[in-house]
Amino acid sequence: MNSIKIKAFLITALIFGSIAYFLFGNAIIPDFSKINFFDNLFAKEEVKSSAKKKRRRNITNAKTGSVMDNYKGVDIYYNGTAGNVFGRHVTDDGYNLGLKYQCVEFAKRFYYEIYHHKMPDSYGHAKDFYDPSVSHAKINQKRGMIQYRNRHYDKPKVDDLCIIGPGNGNNFGHLFIITKVNNSSVEFVQQNGGASNPSRGSYQLVNQDGTWNIKAANLVGWLRMP
């Protein structure tokens, strides 16, 4: 209910209340001082507004190439337009993390810093992280991680690396890391989701006949640390 509708409601109530008082006395006039409906309404609208601002804060306050978020202490950078590149990121020991600040760079940097994991094949676009020739729950040799198919019997877990294949307007795919799982949704963190997308989000998780499906367009599966 917006402020115009609220004002109209109050004016109408006062008019009819005055008429009722004139006709019947004060017995049926409500004591508006004891009614907190509007206080609760405004409070709910403030909460909604605050939540929306919080979701978009890491976009509106971010500058291209600056830190916009972090997960488990690993920084997530704002890349602006999805195709932006700021050079290749290589660790001091020579491990290729990828192009700054693409989704691949954050994913490999996360597993490198948190799990001390180096992928045997450190190159490739996001779509290349899923190998369709690898059987479900078997090792993906190029990435050194266990590969799981979406719409299969294994439920995703926290810190799994999800792979989205190419689709309309995206020839390279996308990666995100799961941060929370329940029986109906997964929450995730990502880098370079696009200039207008936040670093965090969620997808519906559906269990049908014992199989688990993360309902994200073109999501083929996920990788897990062995």
# chains A, B, ... in the order shown; residues from 1 in each chain; ligands from 1
>>> residues_around(residues="Asn207 of chain A", least_positions_apart="3", cutoff="10 Å", atoms="only C-alpha atoms", output="PDB file with C-alpha atoms, in the first residue's frame")
ATOM      1  CA  ARG A 151      19.436 -34.437 -12.259  1.00  0.00           C
ATOM      2  CA  HIS A 152      21.130 -37.438 -10.640  1.00  0.00           C
ATOM      3  CA  TYR A 153      21.075 -39.215  -7.278  1.00  0.00           C
ATOM      4  CA  LYS A 155      22.732 -34.091  -3.661  1.00  0.00           C
ATOM      5  CA  ASN A 183      16.066 -29.580   0.540  1.00  0.00           C
ATOM      6  CA  SER A 184      14.519 -26.879  -1.632  1.00  0.00           C
ATOM      7  CA  GLY A 210      15.336 -39.526  -5.720  1.00  0.00           C
ATOM      8  CA  THR A 211      17.217 -37.362  -8.231  1.00  0.00           C
ATOM      9  CA  TRP A 212      18.422 -33.842  -7.461  1.00  0.00           C
ATOM     10  CA  ASN A 213      17.975 -30.992  -9.911  1.00  0.00           C
ATOM     11  CA  ILE A 214      19.403 -27.492  -9.491  1.00  0.00           C
TER      12      ILE A 214
END
>>> closest_residue(among="A:Gln208, A:Thr64, A:Asn70, A:Asn197", to="Tyr101 of chain A", atoms="only C-alpha atoms")
A:Thr64
>>> residues_around(residues="Tyr95 of chain A", least_positions_apart="2", cutoff="9 Å", atoms="only C-alpha atoms", output="list in words")
His89, Val90, Thr91, Asp92, Asp93, Leu97, Lys118, Met119 and Ser122 of chain A
>>> write_last_selection(atoms="N, CA and C atoms", output="PDB file, in the first residue's frame")
ATOM      1  N   HIS A  89      46.084 -13.872 -14.139  1.00  0.00           N
ATOM      2  CA  HIS A  89      46.503 -13.972 -12.748  1.00  0.00           C
ATOM      3  C   HIS A  89      47.270 -15.280 -12.554  1.00  0.00           C
ATOM      4  N   VAL A  90      48.524 -15.166 -12.223  1.00  0.00           N
ATOM      5  CA  VAL A  90      49.392 -16.319 -11.991  1.00  0.00           C
ATOM      6  C   VAL A  90      49.946 -16.220 -10.576  1.00  0.00           C
ATOM      7  N   THR A  91      49.931 -17.319  -9.835  1.00  0.00           N
ATOM      8  CA  THR A  91      50.428 -17.315  -8.461  1.00  0.00           C
ATOM      9  C   THR A  91      51.956 -17.240  -8.443  1.00  0.00           C
ATOM     10  N   ASP A  92      52.490 -16.998  -7.260  1.00  0.00           N
ATOM     11  CA  ASP A  92      53.947 -16.895  -7.115  1.00  0.00           C
ATOM     12  C   ASP A  92      54.650 -18.195  -7.489  1.00  0.00           C
ATOM     13  N   ASP A  93      53.946 -19.319  -7.327  1.00  0.00           N
ATOM     14  CA  ASP A  93      54.568 -20.599  -7.686  1.00  0.00           C
ATOM     15  C   ASP A  93      54.239 -21.024  -9.118  1.00  0.00           C
ATOM     16  N   LEU A  97      45.734 -19.013 -12.520  1.00  0.00           N
ATOM     17  CA  LEU A  97      44.396 -18.900 -11.955  1.00  0.00           C
ATOM     18  C   LEU A  97      43.370 -18.455 -12.990  1.00  0.00           C
ATOM     19  N   LYS A 118      45.469 -27.504  -6.965  1.00  0.00           N
ATOM     20  CA  LYS A 118      45.853 -27.064  -8.305  1.00  0.00           C
ATOM     21  C   LYS A 118      45.232 -28.012  -9.324  1.00  0.00           C
ATOM     22  N   MET A 119      44.497 -27.468 -10.257  1.00  0.00           N
ATOM     23  CA  MET A 119      43.900 -28.295 -11.296  1.00  0.00           C
ATOM     24  C   MET A 119      44.969 -28.716 -12.295  1.00  0.00           C
ATOM     25  N   SER A 122      44.962 -26.168 -16.041  1.00  0.00           N
ATOM     26  CA  SER A 122      44.601 -24.886 -15.438  1.00  0.00           C
ATOM     27  C   SER A 122      44.012 -23.905 -16.446  1.00  0.00           C
TER      28      SER A 122
END
>>> atom_distance(atom1="atom CA of Cys162 of chain A", atom2="atom CA of Val220 of chain A")
7.9 Å
>>> residues_around(residues="Phe176 of chain A", least_positions_apart="4", cutoff="8 Å", atoms="only C-alpha atoms", output="number ranges by chain")
A: 103, 107, 161-163, 188-191
>>> closest_residue(among="A:Asn150, A:Phe172, A:Thr179, A:Gly124", to="Ala137 of chain A", atoms="only C-alpha atoms")
A:Asn150
>>> atom_distance(atom1="atom CA of Lys157 of chain A", atom2="atom CA of Asn170 of chain A")
26.0 Å
>>> residues_around(residues="segment 127-135 of chain A", least_positions_apart="4", cutoff="8 Å", atoms="only C-alpha atoms", output="tab-separated table (two decimals) with C-alpha atoms, in the first residue's frame")
chain	number	residue	atom	x	y	z
A	139	ILE	CA	37.23	-38.25	-11.16
A	140	ASN	CA	37.54	-35.49	-13.73
A	143	ARG	CA	40.33	-30.68	-12.91
A	147	GLN	CA	32.30	-34.82	-11.23
A	163	ILE	CA	29.11	-25.51	-14.22
A	164	ILE	CA	26.66	-23.78	-16.51
A	165	GLY	CA	27.09	-24.66	-20.17
A	166	PRO	CA	26.86	-22.21	-23.08
A	172	PHE	CA	31.69	-19.63	-22.66
A	173	GLY	CA	29.49	-20.89	-19.82
A	174	HIS	CA	29.68	-19.83	-16.18
A	220	VAL	CA	25.13	-29.51	-16.44
A	221	GLY	CA	26.67	-30.57	-13.14
A	222	TRP	CA	29.20	-29.82	-10.42
A	223	LEU	CA	32.69	-30.69	-9.26
>>> atom_distance(atom1="atom CA of Asn96 of chain A", atom2="atom CA of Asp160 of chain A")
20.4 Å
>>> select_by_dssp(residues="segment 51-161 of chain A", states="strand (DSSP E or B)", output="short mmCIF file (atom, residue, chain, number, x, y, z; two decimals) with C-alpha atoms, in the first residue's frame")
data_model
loop_
_atom_site.label_atom_id
_atom_site.label_comp_id
_atom_site.auth_asym_id
_atom_site.auth_seq_id
_atom_site.Cartn_x
_atom_site.Cartn_y
_atom_site.Cartn_z
CA VAL A 67 36.56 -6.11 -4.16
CA MET A 68 32.77 -6.45 -3.92
CA ASP A 69 32.42 -9.47 -1.62
CA ASN A 70 34.33 -12.44 -0.19
CA TYR A 71 33.62 -16.04 0.62
CA VAL A 74 38.63 -15.22 -0.60
CA ASP A 75 37.93 -11.91 -2.33
CA ILE A 76 35.39 -11.57 -5.12
CA TYR A 77 36.04 -8.79 -7.61
CA ARG A 88 46.19 -13.11 -16.44
CA HIS A 89 46.50 -13.97 -12.75
CA VAL A 90 49.39 -16.32 -11.99
CA ASN A 96 47.55 -20.16 -13.66
CA LEU A 97 44.40 -18.90 -11.96
CA GLY A 98 42.90 -17.42 -15.10
CA LEU A 99 41.94 -14.05 -16.51
CA LYS A 138 34.04 -40.30 -11.09
CA ILE A 139 37.23 -38.25 -11.16
CA ASN A 140 37.54 -35.49 -13.73
CA MET A 145 37.86 -33.19 -8.77
CA ILE A 146 34.91 -35.59 -8.58
CA GLN A 147 32.30 -34.82 -11.23
CA TYR A 148 28.54 -35.08 -10.65
CA ARG A 149 25.73 -34.71 -13.12
CA HIS A 152 21.13 -37.44 -10.64
CA LEU A 161 31.67 -25.95 -8.14
#
>>> closest_residue(among="A:Met225, A:Ala217, A:Leu205, A:Ala195", to="Lys63 of chain A", atoms="only C-alpha atoms")
A:Ala195
>>> closest_residue(among="A:Asn171, A:His136, A:Gly73, A:Lys142", to="Arg109 of chain A", atoms="only C-alpha atoms")
A:Gly73
>>> closest_residue(among="A:Gln204, A:Asn182, A:Asn168, A:Asn192", to="Gly80 of chain A", atoms="only C-alpha atoms")
A:Asn192
>>> closest_residue(among="A:Leu219, A:Val186, A:Val85, A:Ile177", to="Val206 of chain A", atoms="only C-alpha atoms")
A:Val186
>>> select_by_dssp(residues="segment 87-205 of chain A", states="alpha helix (DSSP H)", output="MDAnalysis selection string")
chainID A and resid 103:115
>>> decode(residues="segment 64-81 of chain A", atoms="C-alpha atoms", output="CSV table (one decimal), in the first residue's frame")
chain,number,residue,atom,x,y,z
A,64,THR,CA,35.4,-2.2,-11.8
A,65,GLY,CA,38.3,-4.3,-10.5
A,66,SER,CA,37.5,-3.6,-6.9
A,67,VAL,CA,36.6,-6.1,-4.2
A,68,MET,CA,32.8,-6.4,-3.9
A,69,ASP,CA,32.4,-9.5,-1.6
A,70,ASN,CA,34.3,-12.4,-0.2
A,71,TYR,CA,33.6,-16.0,0.6
A,72,LYS,CA,35.6,-17.8,3.4
A,73,GLY,CA,38.1,-14.9,3.2
A,74,VAL,CA,38.6,-15.2,-0.6
A,75,ASP,CA,37.9,-11.9,-2.3
A,76,ILE,CA,35.4,-11.6,-5.1
A,77,TYR,CA,36.0,-8.8,-7.6
A,78,TYR,CA,33.6,-6.7,-9.6
A,79,ASN,CA,34.3,-7.1,-13.3
A,80,GLY,CA,31.8,-4.7,-14.7
A,81,THR,CA,30.8,-5.9,-18.2
